[in-house]
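Each remark here refers to the structure printed beneath this line.
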Amino acid sequence: MISDAKTKFEGTALGAFRAGLRGEAYAPGEEGYDGARSAWNLAVHQEPALVVMAEDAADVLAAVRFARARGLGVGVMATGHGVGAACDGGVLINTSRMRGVSVDPGSRTARVEAGAKWSDVVPEIQKFGLAGLVGSTTDVGVVGYTMGGGFGWLGRRYGLNSGTMREAEVVTATGELIRASAHENADLFWGLKGGGGNFGIVTSLELDLYPLETVYGGNLFYGLERAREVLNLYREWAETLPDEMSTAVAFLNFPPIPELPEPLRGGSFVAVRGCYCGDSPEEGEDLLRPVREGLGEPVVDAFGVMPYAAMDSISMDPVDPIGACQSAEMLRDLTPEAVDALVEVAGAGSPLIMLEIRQLGGALSRVPGHLSPLGRGEARYSMNGVGAAFSPEMVRGVRAYLARLAEETRPHQTGETYVNFMEGDDASEERVRAAYPPEDWERLVALKDRYDGENLFRFNRNIAPSPARDGEAAPGAGRRG
Ligand SMILES: Cc1cc2nc3c(=O)[nH]c(=O)nc-3n(C[C@H](O)[C@H](O)[C@H](O)COP(=O)(O)OP(=O)(O)OC[C@H]3O[C@@H](n4cnc5c(N)ncnc54)[C@H](O)[C@@H]3O)c2cc1C
């Protein structure tokens with residue numbers, strides 16, 4: 001037996017399991033365990049009974065069967081950008097070695113393995129002038145992102161990335177590797193398009209791609225003292241835009257780090273950000289003109305024509321691991337009253353690195369027949385606050401501030417949230433439920449009953465099975481700090 005593991009495995013069974021893997025398995029105290037369980041988000045701490053570094057779908061299958069046979073829950077992590085509930089005492093399947101990407105330019109599709117990040121995919125698809133519906137950073141895992149819907153700077157034109165799924169290979173709670181598509185296990189396929197990975201472990205996905213090599217995007221940074229004026233003009237402007245233009249307005253408190261150019265380093269700003277992905281990037285410049293002319297000289301004008309592969313520069317998300325907490329609400333609209341509330345609470349003295357209000361609409365709200373991880377489509381904007389949190393005190397401080405932000409903007413919210421922008425303490429059952437329209441929620445719970453009635457896959461943004469079949473409560477929040 002492994003003496004210092006909280007859950008003790010019989011030595012022979014663990015040895016046989018290890019011998020059958022292409023990858024490795026680490027128990028607590030073993031060399032390799034800490035690296036394998038660590039998340040990108042340094043505020044997440046998890047103590048799995050075993051971490052499996054999977055090399056392929058067969059390893060994932062073996063790990064699920066091993067856990068199931070011992071009554072242990074299963075968690076999956078590709079990068080650790082979005083841990084909903086810490087995998088304490090379960091079997092954590094780390095897919096970060098499963099990074100394969102293959103592209104079929106003829107059908108304009110890519111097949112990606114469970115651990116591939118967008119940064120693995122983008123160079124391969126751009127060889128053929130094709131683009132996928134990346135989010136704000138290519139550092140997140142494609143599968144995890146897609147399981148929650150996934151939207152970014154191409155969203156208003158092309159929609160959620162979950163809508164581009166053609167087929168998935170999935171390891172189920174019963175320990176089988178099956179395919180899901182519109183023609184095969186169609187009910188499961190529906191649930192994979194935004195159900196937060198609750199129904200199985202996806203070992204690979206096939207996704208549709210779009211021809212796109214160049215966009216017009218960037219940021220206009222203004223001093224924070226101009227926030228009210230900037231937000232009011234932004235809202236009027238945003239309402240006039242075609243779907244080819246996705247935009248956001250963000251309150252930003254930059255750290256004093258040398259990577260940032262001097263006017264931005266250590267400063268507080270409000271930024272109008274956007275990306276035009278229509279046929280001619282120059283049209284994007286025309287569309288931006290009312291903001292440039294209406295607001296006059298910004299502190300920095302960083303808009304321009306850029307390769308699709310450089311789009312990370314629009315959001316400037318951190319790549320190196322950080323400790324962070326975030327929470328999102330959906331705003332009905334960005335009325336002058338909503339702007340006042342936002343400026344009041346986020347205008348000065350906010351501890352957040354970023355409070356971003358993203359414009360929705362366009363193809364994001366046209367999801368007929370699909371699972372909608374953006375709620376009923378009544379929200380015109382999402383509001384996502386992110387704070388740095390490197391200690392339990394910082395976690396508490398950021399959470400308290402996010403709660404205040406939610407409270408003070410309550411009259412402007414639809415009551416919905418977005419499943420991908422929720423993690424840790426924020427990923428309670430109530431919050432996960434708020435990410436879906438009620439009719440989708442009922443269907444999701446029924447699907448969970450059917451595919452994972454014992455809630456094997458519980459270390460996530462959890463959809464628990466029906467209470468009648470649920471032996472234990474949903475795990476609720478992940479452990480922090
Ligand atoms: C800096 C930053 C920027 C972001 N920007 C955006 C954005 O622009 N748009 C957007 O929509 N989201 C965005 N997100 C949210 C992000 O897409 C989600 O947190 C997503 O779940 C991360 O997936 P991951 O695999 O990288 O993370 P992980 O923490 O490894 O996985 C997160 C969850 O995804 C599920 N999952 C992962 N792999 C699998 C699998 N193989 N099978 C089944 N389920 C799986 C599991 O539930 C897992 O707990 C951002 C997050 C961060 C931290």
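Labeling convention for the structure tokens: chains A, B, ... as they appear, residues from 1 per chain, ligands from 1 in order of appearance.
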
Chain A near ligand 1 within 7 Å: what's each residue's closest atom pair and its distance in Å to one decimal, counting only C-alpha atoms and all ligand atoms, ordered by chain then ascending residue number, as JSON lines?
```
{"residue": "A:Ala39", "atom": "CA", "partner": "ligand 1", "partner_atom_place_in_ligand_line": "29 (O)", "distance": 6.8}
{"residue": "A:Gly75", "atom": "CA", "partner": "ligand 1", "partner_atom_place_in_ligand_line": "49 (O)", "distance": 6.6}
{"residue": "A:Val76", "atom": "CA", "partner": "ligand 1", "partner_atom_place_in_ligand_line": "48 (C)", "distance": 5.5}
{"residue": "A:Met77", "atom": "CA", "partner": "ligand 1", "partner_atom_place_in_ligand_line": "30 (O)", "distance": 3.5}
{"residue": "A:Ala78", "atom": "CA", "partner": "ligand 1", "partner_atom_place_in_ligand_line": "30 (O)", "distance": 3.6}
{"residue": "A:Thr79", "atom": "CA", "partner": "ligand 1", "partner_atom_place_in_ligand_line": "30 (O)", "distance": 3.9}
{"residue": "A:Gly80", "atom": "CA", "partner": "ligand 1", "partner_atom_place_in_ligand_line": "29 (O)", "distance": 3.1}
{"residue": "A:His81", "atom": "CA", "partner": "ligand 1", "partner_atom_place_in_ligand_line": "27 (O)", "distance": 4.0}
{"residue": "A:Gly82", "atom": "CA", "partner": "ligand 1", "partner_atom_place_in_ligand_line": "19 (O)", "distance": 3.3}
{"residue": "A:Val83", "atom": "CA", "partner": "ligand 1", "partner_atom_place_in_ligand_line": "29 (O)", "distance": 4.2}
{"residue": "A:Gly84", "atom": "CA", "partner": "ligand 1", "partner_atom_place_in_ligand_line": "49 (O)", "distance": 5.4}
{"residue": "A:Thr95", "atom": "CA", "partner": "ligand 1", "partner_atom_place_in_ligand_line": "41 (N)", "distance": 6.9}
{"residue": "A:Ala114", "atom": "CA", "partner": "ligand 1", "partner_atom_place_in_ligand_line": "41 (N)", "distance": 4.5}
{"residue": "A:Gly115", "atom": "CA", "partner": "ligand 1", "partner_atom_place_in_ligand_line": "41 (N)", "distance": 6.8}
{"residue": "A:Gly135", "atom": "CA", "partner": "ligand 1", "partner_atom_place_in_ligand_line": "8 (O)", "distance": 3.5}
{"residue": "A:Ser136", "atom": "CA", "partner": "ligand 1", "partner_atom_place_in_ligand_line": "8 (O)", "distance": 3.7}
{"residue": "A:Thr137", "atom": "CA", "partner": "ligand 1", "partner_atom_place_in_ligand_line": "3 (C)", "distance": 5.5}
{"residue": "A:Val140", "atom": "CA", "partner": "ligand 1", "partner_atom_place_in_ligand_line": "26 (O)", "distance": 3.7}
{"residue": "A:Gly141", "atom": "CA", "partner": "ligand 1", "partner_atom_place_in_ligand_line": "26 (O)", "distance": 3.6}
{"residue": "A:Val142", "atom": "CA", "partner": "ligand 1", "partner_atom_place_in_ligand_line": "25 (O)", "distance": 6.4}
{"residue": "A:Val143", "atom": "CA", "partner": "ligand 1", "partner_atom_place_in_ligand_line": "38 (N)", "distance": 5.3}
{"residue": "A:Gly144", "atom": "CA", "partner": "ligand 1", "partner_atom_place_in_ligand_line": "23 (O)", "distance": 3.5}
{"residue": "A:Tyr145", "atom": "CA", "partner": "ligand 1", "partner_atom_place_in_ligand_line": "17 (O)", "distance": 3.6}
{"residue": "A:Met147", "atom": "CA", "partner": "ligand 1", "partner_atom_place_in_ligand_line": "44 (N)", "distance": 6.1}
{"residue": "A:Gly148", "atom": "CA", "partner": "ligand 1", "partner_atom_place_in_ligand_line": "21 (O)", "distance": 6.2}
{"residue": "A:Gly149", "atom": "CA", "partner": "ligand 1", "partner_atom_place_in_ligand_line": "11 (O)", "distance": 6.0}
{"residue": "A:Gly150", "atom": "CA", "partner": "ligand 1", "partner_atom_place_in_ligand_line": "11 (O)", "distance": 3.3}
{"residue": "A:Phe151", "atom": "CA", "partner": "ligand 1", "partner_atom_place_in_ligand_line": "11 (O)", "distance": 4.3}
{"residue": "A:Gly152", "atom": "CA", "partner": "ligand 1", "partner_atom_place_in_ligand_line": "8 (O)", "distance": 4.6}
{"residue": "A:Gly196", "atom": "CA", "partner": "ligand 1", "partner_atom_place_in_ligand_line": "47 (O)", "distance": 5.3}
{"residue": "A:Gly197", "atom": "CA", "partner": "ligand 1", "partner_atom_place_in_ligand_line": "44 (N)", "distance": 3.6}
{"residue": "A:Asn198", "atom": "CA", "partner": "ligand 1", "partner_atom_place_in_ligand_line": "47 (O)", "distance": 6.5}
{"residue": "A:Gly200", "atom": "CA", "partner": "ligand 1", "partner_atom_place_in_ligand_line": "43 (C)", "distance": 5.9}
{"residue": "A:Ile201", "atom": "CA", "partner": "ligand 1", "partner_atom_place_in_ligand_line": "42 (N)", "distance": 3.7}
{"residue": "A:Val202", "atom": "CA", "partner": "ligand 1", "partner_atom_place_in_ligand_line": "42 (N)", "distance": 3.8}
{"residue": "A:Thr203", "atom": "CA", "partner": "ligand 1", "partner_atom_place_in_ligand_line": "41 (N)", "distance": 5.5}
{"residue": "A:Asp317", "atom": "CA", "partner": "ligand 1", "partner_atom_place_in_ligand_line": "1 (C)", "distance": 5.3}
{"residue": "A:Pro318", "atom": "CA", "partner": "ligand 1", "partner_atom_place_in_ligand_line": "1 (C)", "distance": 6.2}
{"residue": "A:Asn420", "atom": "CA", "partner": "ligand 1", "partner_atom_place_in_ligand_line": "18 (C)", "distance": 4.6}
{"residue": "A:Phe421", "atom": "CA", "partner": "ligand 1", "partner_atom_place_in_ligand_line": "15 (C)", "distance": 5.3}
{"residue": "A:Phe459", "atom": "CA", "partner": "ligand 1", "partner_atom_place_in_ligand_line": "49 (O)", "distance": 6.4}
{"residue": "A:Asn460", "atom": "CA", "partner": "ligand 1", "partner_atom_place_in_ligand_line": "47 (O)", "distance": 4.2}
{"residue": "A:Arg461", "atom": "CA", "partner": "ligand 1", "partner_atom_place_in_ligand_line": "47 (O)", "distance": 6.0}
```

Store the residues picked out above in a file with N, CA and C atoms, as a compact mmCIF listing (two decimals), in the first residue's frame.
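So part-v3.txt came out as:
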```
# COMPACT_ATOMS: atom_id res chain seq x y z
N ALA A 39 -2.55 23.51 -11.09
CA ALA A 39 -3.36 24.22 -12.09
C ALA A 39 -2.67 25.51 -12.51
N GLY A 75 -11.85 13.77 -11.92
CA GLY A 75 -11.70 15.13 -12.42
C GLY A 75 -10.81 15.11 -13.65
N VAL A 76 -10.92 16.15 -14.48
CA VAL A 76 -10.06 16.23 -15.66
C VAL A 76 -9.51 17.64 -15.75
N MET A 77 -8.23 17.72 -16.10
CA MET A 77 -7.59 19.02 -16.21
C MET A 77 -6.65 19.02 -17.41
N ALA A 78 -6.81 20.02 -18.26
CA ALA A 78 -5.89 20.18 -19.38
C ALA A 78 -4.84 21.23 -19.04
N THR A 79 -5.32 22.41 -18.57
CA THR A 79 -4.40 23.52 -18.24
C THR A 79 -4.60 24.02 -16.82
N GLY A 80 -5.80 23.82 -16.26
CA GLY A 80 -6.10 24.40 -14.94
C GLY A 80 -6.48 25.87 -15.03
N HIS A 81 -7.05 26.30 -16.18
CA HIS A 81 -7.56 27.67 -16.29
C HIS A 81 -8.97 27.80 -15.72
N GLY A 82 -9.65 26.65 -15.49
CA GLY A 82 -11.06 26.77 -15.11
C GLY A 82 -11.51 25.66 -14.17
N VAL A 83 -10.80 25.47 -13.07
CA VAL A 83 -11.15 24.38 -12.15
C VAL A 83 -12.42 24.77 -11.38
N GLY A 84 -13.51 24.05 -11.64
CA GLY A 84 -14.77 24.37 -10.98
C GLY A 84 -14.78 23.90 -9.54
N THR A 95 -4.67 15.84 -18.90
CA THR A 95 -4.60 15.54 -20.34
C THR A 95 -3.55 16.39 -21.07
N ALA A 114 -7.60 15.95 -26.33
CA ALA A 114 -8.16 16.54 -25.11
C ALA A 114 -7.30 17.64 -24.49
N GLY A 115 -5.98 17.54 -24.62
CA GLY A 115 -5.13 18.51 -23.91
C GLY A 115 -4.62 19.64 -24.78
N GLY A 135 -10.89 32.11 -27.84
CA GLY A 135 -11.33 33.09 -26.85
C GLY A 135 -10.30 34.19 -26.72
N SER A 136 -10.27 34.82 -25.56
CA SER A 136 -9.41 35.98 -25.38
C SER A 136 -7.93 35.59 -25.35
N THR A 137 -7.64 34.33 -25.02
CA THR A 137 -6.25 33.87 -25.00
C THR A 137 -6.15 32.48 -25.61
N VAL A 140 -5.72 28.77 -23.27
CA VAL A 140 -6.67 27.85 -22.65
C VAL A 140 -6.80 26.59 -23.50
N GLY A 141 -7.30 25.53 -22.87
CA GLY A 141 -7.49 24.27 -23.57
C GLY A 141 -8.73 24.35 -24.47
N VAL A 142 -8.62 23.78 -25.67
CA VAL A 142 -9.74 23.86 -26.62
C VAL A 142 -10.96 23.10 -26.09
N VAL A 143 -10.72 21.92 -25.54
CA VAL A 143 -11.87 21.10 -25.10
C VAL A 143 -12.57 21.74 -23.91
N GLY A 144 -11.83 22.14 -22.88
CA GLY A 144 -12.45 22.76 -21.71
C GLY A 144 -13.23 24.01 -22.10
N TYR A 145 -12.65 24.82 -22.96
CA TYR A 145 -13.28 26.05 -23.45
C TYR A 145 -14.59 25.72 -24.17
N MET A 147 -16.41 22.98 -23.95
CA MET A 147 -17.41 22.36 -23.07
C MET A 147 -18.30 23.42 -22.41
N GLY A 148 -17.75 24.63 -22.22
CA GLY A 148 -18.54 25.70 -21.60
C GLY A 148 -19.14 26.64 -22.63
N GLY A 149 -19.09 26.30 -23.88
CA GLY A 149 -19.58 27.19 -24.95
C GLY A 149 -18.41 27.76 -25.71
N GLY A 150 -17.73 28.71 -25.08
CA GLY A 150 -16.52 29.26 -25.68
C GLY A 150 -16.81 30.39 -26.66
N PHE A 151 -16.58 31.62 -26.23
CA PHE A 151 -16.72 32.71 -27.19
C PHE A 151 -15.63 33.74 -27.00
N GLY A 152 -15.27 34.35 -28.11
CA GLY A 152 -14.21 35.35 -28.08
C GLY A 152 -14.44 36.40 -29.15
N GLY A 196 -20.50 21.90 -19.76
CA GLY A 196 -19.40 21.98 -18.81
C GLY A 196 -18.67 20.66 -18.59
N GLY A 197 -18.70 19.76 -19.55
CA GLY A 197 -17.93 18.51 -19.42
C GLY A 197 -18.48 17.60 -18.32
N ASN A 198 -19.79 17.68 -18.07
CA ASN A 198 -20.39 16.91 -16.98
C ASN A 198 -20.73 15.47 -17.34
N GLY A 200 -18.94 13.19 -19.43
CA GLY A 200 -17.90 12.26 -19.83
C GLY A 200 -16.61 13.01 -20.06
N ILE A 201 -15.56 12.27 -20.31
CA ILE A 201 -14.29 12.92 -20.61
C ILE A 201 -14.05 12.85 -22.10
N VAL A 202 -13.97 14.01 -22.70
CA VAL A 202 -13.77 14.09 -24.14
C VAL A 202 -12.30 13.80 -24.43
N THR A 203 -12.05 12.83 -25.31
CA THR A 203 -10.65 12.54 -25.64
C THR A 203 -10.22 13.23 -26.93
N ASP A 317 -4.27 38.88 -22.00
CA ASP A 317 -4.40 38.03 -20.81
C ASP A 317 -3.02 37.51 -20.40
N PRO A 318 -2.81 37.29 -19.10
CA PRO A 318 -1.53 36.73 -18.69
C PRO A 318 -1.35 35.30 -19.18
N ASN A 420 -18.43 29.28 -18.41
CA ASN A 420 -16.97 29.30 -18.56
C ASN A 420 -16.28 30.31 -17.65
N PHE A 421 -17.01 31.33 -17.22
CA PHE A 421 -16.41 32.36 -16.36
C PHE A 421 -16.73 32.08 -14.90
N PHE A 459 -16.00 16.80 -10.19
CA PHE A 459 -15.04 17.87 -9.90
C PHE A 459 -15.01 18.82 -11.10
N ASN A 460 -16.07 19.60 -11.20
CA ASN A 460 -16.22 20.48 -12.36
C ASN A 460 -17.25 21.55 -11.98
N ARG A 461 -17.74 22.28 -12.98
CA ARG A 461 -18.88 23.17 -12.74
C ARG A 461 -20.06 22.23 -12.76
```

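The environment of A:Val44 within 10 Å, counting only C-alpha atoms and disregarding residues fewer than 2 places along the same chain, consists of Arg37, Ser38, Ala39, Trp40, Asn41, Leu42, Gln46, Gly80, His81, Gly82, Val83, Gly84, Ala85, Ala86, Cys87, Gly323, Ala324, Cys325, Phe390, Glu423, Gly424, Gly478, Arg479, Arg480 and Gly481 of chain A.
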
Q: From stretch 61-282 of chain A, collect each residue whose DSSP state is strand (DSSP E) and return the set as a PyMOL selection string.
A: chain A and resi 74-77+91-94+101-104+109-113+130-131+165-171+177-181+201-208+210-211+214-223+245-253+268-276

Q: Within 12 Å of A:Trp441, counting only C-alpha atoms, which residues show up once you throw out same-chain ones fewer than 2 positions away? Write them as a ChimeraX atom specification, please.
A: /A:191,194-195,371-373,375-376,429-439,443-448,462-466

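Ranking A:Asp56, A:Val91, A:Val345, A:Tyr216 by their shortest atom-to-atom distance to A:Arg458, with only C-alpha atoms included, puts A:Val91 first.
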
**Q.** alpha helix (DSSP H) call set, DSSP backbone run, stretch 434-474 of chain A, as a PyMOL selection string
**A.** chain A and resi 434+438-452

Selected residues written out with N, CA and C atoms, as a JSON list (two decimals), in the first residue's frame:
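That gives us selection20.json:
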```
[["chain", "number", "residue", "atom", "x", "y", "z"],
["A", 434, "ALA", "N", -27.77, 28.86, -12.86],
["A", 434, "ALA", "CA", -28.10, 30.19, -13.41],
["A", 434, "ALA", "C", -27.47, 30.41, -14.78],
["A", 438, "PRO", "N", -34.09, 27.62, -17.85],
["A", 438, "PRO", "CA", -34.69, 26.53, -17.05],
["A", 438, "PRO", "C", -34.97, 25.26, -17.86],
["A", 439, "GLU", "N", -35.43, 25.42, -19.10],
["A", 439, "GLU", "CA", -35.76, 24.21, -19.87],
["A", 439, "GLU", "C", -34.49, 23.43, -20.24],
["A", 440, "ASP", "N", -33.39, 24.15, -20.50],
["A", 440, "ASP", "CA", -32.12, 23.47, -20.77],
["A", 440, "ASP", "C", -31.63, 22.78, -19.50],
["A", 441, "TRP", "N", -31.83, 23.44, -18.35],
["A", 441, "TRP", "CA", -31.36, 22.87, -17.08],
["A", 441, "TRP", "C", -32.04, 21.52, -16.82],
["A", 442, "GLU", "N", -33.34, 21.48, -17.01],
["A", 442, "GLU", "CA", -34.06, 20.22, -16.78],
["A", 442, "GLU", "C", -33.52, 19.12, -17.70],
["A", 443, "ARG", "N", -33.27, 19.50, -18.93],
["A", 443, "ARG", "CA", -32.75, 18.51, -19.90],
["A", 443, "ARG", "C", -31.33, 18.08, -19.52],
["A", 444, "LEU", "N", -30.55, 19.01, -19.00],
["A", 444, "LEU", "CA", -29.18, 18.69, -18.58],
["A", 444, "LEU", "C", -29.18, 17.71, -17.41],
["A", 445, "VAL", "N", -30.08, 17.96, -16.44],
["A", 445, "VAL", "CA", -30.14, 17.06, -15.28],
["A", 445, "VAL", "C", -30.59, 15.67, -15.74],
["A", 446, "ALA", "N", -31.56, 15.62, -16.64],
["A", 446, "ALA", "CA", -32.02, 14.31, -17.16],
["A", 446, "ALA", "C", -30.87, 13.60, -17.89],
["A", 447, "LEU", "N", -30.07, 14.38, -18.60],
["A", 447, "LEU", "CA", -28.93, 13.78, -19.32],
["A", 447, "LEU", "C", -27.86, 13.27, -18.34],
["A", 448, "LYS", "N", -27.68, 14.04, -17.26],
["A", 448, "LYS", "CA", -26.73, 13.62, -16.22],
["A", 448, "LYS", "C", -27.23, 12.30, -15.60],
["A", 449, "ASP", "N", -28.53, 12.23, -15.32],
["A", 449, "ASP", "CA", -29.10, 10.98, -14.78],
["A", 449, "ASP", "C", -28.78, 9.82, -15.71],
["A", 450, "ARG", "N", -28.89, 10.10, -17.00],
["A", 450, "ARG", "CA", -28.73, 9.01, -17.98],
["A", 450, "ARG", "C", -27.27, 8.61, -18.14],
["A", 451, "TYR", "N", -26.38, 9.59, -18.20],
["A", 451, "TYR", "CA", -24.98, 9.27, -18.50],
["A", 451, "TYR", "C", -24.06, 9.19, -17.29],
["A", 452, "ASP", "N", -24.47, 9.83, -16.19],
["A", 452, "ASP", "CA", -23.59, 9.83, -15.02],
["A", 452, "ASP", "C", -24.42, 9.98, -13.74]]
```

Q.
Just the number, please: distance in Å from atom CA of A:Met306 to atom CA of A:Cys275, one decimal.
A. 9.8 Å

Q. Within 9 Å of A:Leu21, counting only C-alpha atoms, which residues qualify if same-chain residues fewer than 2 places away don't, as a ChimeraX atom specification?
A. /A:16-19,23-25,54-55,58-59,62-63

The selected residues should be written to file as a PDB file, in the first residue's frame (atoms: N, CA and C atoms).
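Saved file result22.pdb follows:
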```pdb
ATOM      1  N   ALA A  16      -0.640  -2.900 -11.364  1.00  0.00           N
ATOM      2  CA  ALA A  16      -1.188  -3.399 -12.630  1.00  0.00           C
ATOM      3  C   ALA A  16      -1.741  -2.245 -13.453  1.00  0.00           C
ATOM      4  N   PHE A  17      -2.401  -1.300 -12.767  1.00  0.00           N
ATOM      5  CA  PHE A  17      -2.947  -0.126 -13.461  1.00  0.00           C
ATOM      6  C   PHE A  17      -1.805   0.667 -14.112  1.00  0.00           C
ATOM      7  N   ARG A  18      -0.768   0.884 -13.338  1.00  0.00           N
ATOM      8  CA  ARG A  18       0.375   1.647 -13.873  1.00  0.00           C
ATOM      9  C   ARG A  18       1.019   0.928 -15.063  1.00  0.00           C
ATOM     10  N   ALA A  19       1.136  -0.368 -14.941  1.00  0.00           N
ATOM     11  CA  ALA A  19       1.795  -1.133 -15.999  1.00  0.00           C
ATOM     12  C   ALA A  19       1.013  -1.048 -17.316  1.00  0.00           C
ATOM     13  N   GLY A  23       1.069   6.475 -20.097  1.00  0.00           N
ATOM     14  CA  GLY A  23       1.533   7.587 -19.273  1.00  0.00           C
ATOM     15  C   GLY A  23       1.899   7.133 -17.871  1.00  0.00           C
ATOM     16  N   GLU A  24       1.807   8.055 -16.909  1.00  0.00           N
ATOM     17  CA  GLU A  24       2.156   7.724 -15.526  1.00  0.00           C
ATOM     18  C   GLU A  24       1.010   8.018 -14.583  1.00  0.00           C
ATOM     19  N   ALA A  25       1.093   7.442 -13.392  1.00  0.00           N
ATOM     20  CA  ALA A  25       0.136   7.772 -12.330  1.00  0.00           C
ATOM     21  C   ALA A  25       0.918   8.075 -11.067  1.00  0.00           C
ATOM     22  N   ALA A  54      -2.220  11.286 -18.619  1.00  0.00           N
ATOM     23  CA  ALA A  54      -2.676  10.427 -19.722  1.00  0.00           C
ATOM     24  C   ALA A  54      -1.933  10.762 -21.009  1.00  0.00           C
ATOM     25  N   GLU A  55      -1.583   9.721 -21.737  1.00  0.00           N
ATOM     26  CA  GLU A  55      -0.919   9.914 -23.040  1.00  0.00           C
ATOM     27  C   GLU A  55      -1.911   9.761 -24.193  1.00  0.00           C
ATOM     28  N   ALA A  58      -6.761   5.594 -24.401  1.00  0.00           N
ATOM     29  CA  ALA A  58      -6.756   4.334 -23.638  1.00  0.00           C
ATOM     30  C   ALA A  58      -6.384   4.599 -22.181  1.00  0.00           C
ATOM     31  N   ASP A  59      -5.468   5.525 -21.949  1.00  0.00           N
ATOM     32  CA  ASP A  59      -5.111   5.892 -20.566  1.00  0.00           C
ATOM     33  C   ASP A  59      -6.310   6.523 -19.849  1.00  0.00           C
ATOM     34  N   ALA A  62      -8.715   3.775 -18.988  1.00  0.00           N
ATOM     35  CA  ALA A  62      -8.219   2.960 -17.867  1.00  0.00           C
ATOM     36  C   ALA A  62      -8.380   3.713 -16.550  1.00  0.00           C
ATOM     37  N   ALA A  63      -8.124   5.018 -16.562  1.00  0.00           N
ATOM     38  CA  ALA A  63      -8.213   5.808 -15.330  1.00  0.00           C
ATOM     39  C   ALA A  63      -9.653   5.895 -14.844  1.00  0.00           C
TER      40      ALA A  63
END
```

Q: For A:Ala302, work out the shell of residues within 7 Å, counting only C-alpha atoms and skipping chain neighbours fewer than 3 positions away, then give it as JSON, numbers by chain.
A: {"A": [218, 219, 220]}

Q. Closest to A:Ser181 among A:Val134, A:Leu342, A:Met165, A:Ile314, using only C-alpha atoms?
A.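 Residue with the minimum atom-to-atom distance to A:Ser181: A:Met165.
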
Q: To one decimal in Å, tell me the separation between atom CA of A:Tyr381 and atom CA of A:Arg396.
A: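 Computed distance, atom CA of A:Tyr381 to atom CA of A:Arg396, equals 26.4 Å.
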
Q: Using only C-alpha atoms, find the one residue out of A:Ser96, A:Thr214, A:Ser382, A:Thr12 that sits nearest to A:Val52.
A: A:Ser96

Q. Could you pull the residues within 7 Å of A:Glu169, counting only C-alpha atoms, minus those fewer than 3 positions along the same chain, as a PyMOL selection string?
A. chain A and resi 177-180+202-205

Include N, CA and C atoms and write out the residues we just selected as a PDB file, in the first residue's frame.
```pdb
ATOM      1  N   LEU A 177     -15.595   3.992 -24.462  1.00  0.00           N
ATOM      2  CA  LEU A 177     -15.195   5.077 -25.360  1.00  0.00           C
ATOM      3  C   LEU A 177     -16.209   5.113 -26.490  1.00  0.00           C
ATOM      4  N   ILE A 178     -16.979   6.205 -26.568  1.00  0.00           N
ATOM      5  CA  ILE A 178     -18.033   6.270 -27.589  1.00  0.00           C
ATOM      6  C   ILE A 178     -17.892   7.561 -28.408  1.00  0.00           C
ATOM      7  N   ARG A 179     -18.604   7.584 -29.524  1.00  0.00           N
ATOM      8  CA  ARG A 179     -18.615   8.790 -30.354  1.00  0.00           C
ATOM      9  C   ARG A 179     -19.943   9.512 -30.167  1.00  0.00           C
ATOM     10  N   ALA A 180     -19.882  10.822 -30.213  1.00  0.00           N
ATOM     11  CA  ALA A 180     -21.118  11.611 -30.158  1.00  0.00           C
ATOM     12  C   ALA A 180     -21.097  12.611 -31.301  1.00  0.00           C
ATOM     13  N   VAL A 202     -13.965  14.007 -22.699  1.00  0.00           N
ATOM     14  CA  VAL A 202     -13.768  14.087 -24.139  1.00  0.00           C
ATOM     15  C   VAL A 202     -12.297  13.800 -24.429  1.00  0.00           C
ATOM     16  N   THR A 203     -12.048  12.831 -25.307  1.00  0.00           N
ATOM     17  CA  THR A 203     -10.648  12.537 -25.644  1.00  0.00           C
ATOM     18  C   THR A 203     -10.225  13.229 -26.929  1.00  0.00           C
ATOM     19  N   SER A 204     -11.196  13.525 -27.800  1.00  0.00           N
ATOM     20  CA  SER A 204     -10.883  14.363 -28.965  1.00  0.00           C
ATOM     21  C   SER A 204     -12.159  14.993 -29.504  1.00  0.00           C
ATOM     22  N   LEU A 205     -11.980  16.101 -30.199  1.00  0.00           N
ATOM     23  CA  LEU A 205     -13.098  16.861 -30.781  1.00  0.00           C
ATOM     24  C   LEU A 205     -12.797  17.157 -32.227  1.00  0.00           C
TER      25      LEU A 205
END
```

Using only C-alpha atoms, I'd like a table of the residues in stretch 319-404 of chain A that come within 10 Å of stretch 269-273 of chain A; for each, show the closest atom pair and its distance in Å rounded to one decimal, ordered by chain and ascending number, as CSV.
```
residue,atom,partner,partner_atom,distance
A:Gly347,CA,A:Val270,CA,8.8
A:Ala348,CA,A:Phe269,CA,9.8
A:Met354,CA,A:Val270,CA,9.6
A:Leu355,CA,A:Val270,CA,9.4
A:Glu356,CA,A:Ala271,CA,9.2
A:Ile357,CA,A:Val272,CA,9.8
A:Arg358,CA,A:Arg273,CA,9.2
```

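The smallest atom-to-atom distance between A:Asp104 and any of A:Ala69, A:Cys277, A:Glu283, A:Glu206, using only C-alpha atoms, is found for A:Glu206.
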
Q. Skipping near chain neighbours, those fewer than 3 positions away, what residues fall within 9 Å of A:Asn253 using only C-alpha atoms, listed as a PyMOL selection string?
A. chain A and resi 266-270+350-354
